[in-house]
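Quick notes on the structure that follows.
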Amino acid sequence: MIARITGNIVERGPELVVMEVGGIGYALRVPATLAAHLHDGEVVTLHTHFHVREDAQELFGFSDRASLLFFQKLIGISGVGPKTAIHIMALGTVAEIKTAVAREDVTFLTSVSGIGRKIAERIVVELKEAMQKETGATVVAG
């Protein structure tokens, strides 16, 4: 498993960076908000999730471990694949997304292409349960 990569940013797109490490260019899908803050030539460390499907192998990158863990929670929800999760991660910081979940703000989540009301409600329910298990407290809107 590839847990993290440190390398030089050699290319960037709206949701993709290519990092050169030891002469090899690794393509990583990243949230658009992260891609916008990275610069060509910059040396960075990204925490990674390696996703394998029958027809593809993809590497997803995040600026910190908390973002990676949140992404992994998202893709554990039925109906949420890694590409959808990356779009959710681009809505804001992990704290902002958790706040929207605590407020049961389904509209916030349905702003992502491909997420309808039913999946957004499932995300809210499952993430609230996960957040309650983490903290041991009931998650309420604040």
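For the structure tokens, the naming scheme is as follows: chains receive sequential letters (A, B, ...) according to their order of presentation, residues are indexed from 1 within each chain, and ligands are indexed from 1 in presentation order.
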
For this session: Name the residues of stretch 8-142 of chain A that come out as alpha helix (DSSP H) in a backbone DSSP run; write them as a ChimeraX atom specification.
Result: /A:32-37,65-75,82-89,94-102,106-110,117-135

Per residue of stretch 45-118 of chain A within 10 Å of stretch 16-25 of chain A, record the nearest atom pair and its distance in Å to one decimal, counting only C-alpha atoms, with rows in chain order and ascending residue number, as JSON lines.
```
{"residue": "A:Thr45", "atom": "CA", "partner": "A:Met19", "partner_atom": "CA", "distance": 9.6}
{"residue": "A:Leu46", "atom": "CA", "partner": "A:Met19", "partner_atom": "CA", "distance": 9.6}
{"residue": "A:Leu59", "atom": "CA", "partner": "A:Leu16", "partner_atom": "CA", "distance": 10.0}
{"residue": "A:Phe60", "atom": "CA", "partner": "A:Leu16", "partner_atom": "CA", "distance": 8.9}
{"residue": "A:Gly61", "atom": "CA", "partner": "A:Val17", "partner_atom": "CA", "distance": 8.8}
```

Keeping only all heavy atoms, write those residues as a CSV table (one decimal), in the first residue's frame.
```
chain,number,residue,atom,x,y,z
A,45,THR,N,4.2,16.7,0.5
A,45,THR,CA,3.9,15.3,0.9
A,45,THR,C,2.4,15.2,0.9
A,45,THR,O,1.7,16.1,1.5
A,45,THR,CB,4.5,15.1,2.4
A,45,THR,OG1,5.9,15.2,2.3
A,45,THR,CG2,4.0,13.7,2.8
A,46,LEU,N,1.9,14.2,0.3
A,46,LEU,CA,0.5,13.9,0.2
A,46,LEU,C,0.2,12.6,0.8
A,46,LEU,O,0.9,11.6,0.5
A,46,LEU,CB,-0.1,14.0,-1.2
A,46,LEU,CG,0.0,15.4,-1.9
A,46,LEU,CD1,-0.6,15.3,-3.3
A,46,LEU,CD2,-0.7,16.4,-1.1
A,59,LEU,N,-4.8,6.7,-7.6
A,59,LEU,CA,-4.2,7.2,-6.4
A,59,LEU,C,-4.9,8.5,-6.1
A,59,LEU,O,-4.9,9.4,-6.9
A,59,LEU,CB,-2.7,7.3,-6.6
A,59,LEU,CG,-1.8,7.4,-5.5
A,59,LEU,CD1,-1.9,6.1,-4.5
A,59,LEU,CD2,-0.3,7.4,-6.0
A,60,PHE,N,-5.3,8.6,-4.8
A,60,PHE,CA,-6.0,9.9,-4.4
A,60,PHE,C,-5.1,10.5,-3.3
A,60,PHE,O,-4.5,9.8,-2.4
A,60,PHE,CB,-7.4,9.6,-3.8
A,60,PHE,CG,-8.3,9.1,-4.8
A,60,PHE,CD1,-8.4,7.7,-5.2
A,60,PHE,CD2,-9.2,10.0,-5.5
A,60,PHE,CE1,-9.2,7.3,-6.2
A,60,PHE,CE2,-10.1,9.5,-6.5
A,60,PHE,CZ,-10.1,8.2,-6.8
A,61,GLY,N,-4.9,11.8,-3.4
A,61,GLY,CA,-4.0,12.5,-2.4
A,61,GLY,C,-4.7,13.6,-1.6
A,61,GLY,O,-5.6,14.2,-2.1
```

Exercise. Do you know which residues are at most 12 Å from A:Pro14 counting only C-alpha atoms, after dropping those on the same chain fewer than 5 positions away, and could you put them as an MDAnalysis selection string?
Worked result: chainID A and resid 28:38 86:87 90

For this session: Identify which of the residues A:Ala27, A:Val10, A:Phe62, A:Glu54 lies closest to A:Asp40, counting only C-alpha atoms when measuring atom-to-atom distances.
Result: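 Using only C-alpha atoms, A:Asp40 sits closest to A:Val10.
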
For this session: Considering only C-alpha atoms, return as a PyMOL selection string whatever protein or nucleic-acid residues lie within 12 Å of A:Asp64, sequence-local ones (same chain, fewer than 5 positions apart) excluded.
Result: chain A and resi 3-5+30+34+44-49+69-71+93-94

Exercise. So which bits of stretch 33-88 of chain A end up strand (DSSP E) when you DSSP the backbone, as JSON, numbers by chain?
Worked result: {"A": [43, 44, 45, 46, 47, 48, 49, 50, 51, 52, 57, 58, 59, 60, 61, 62]}
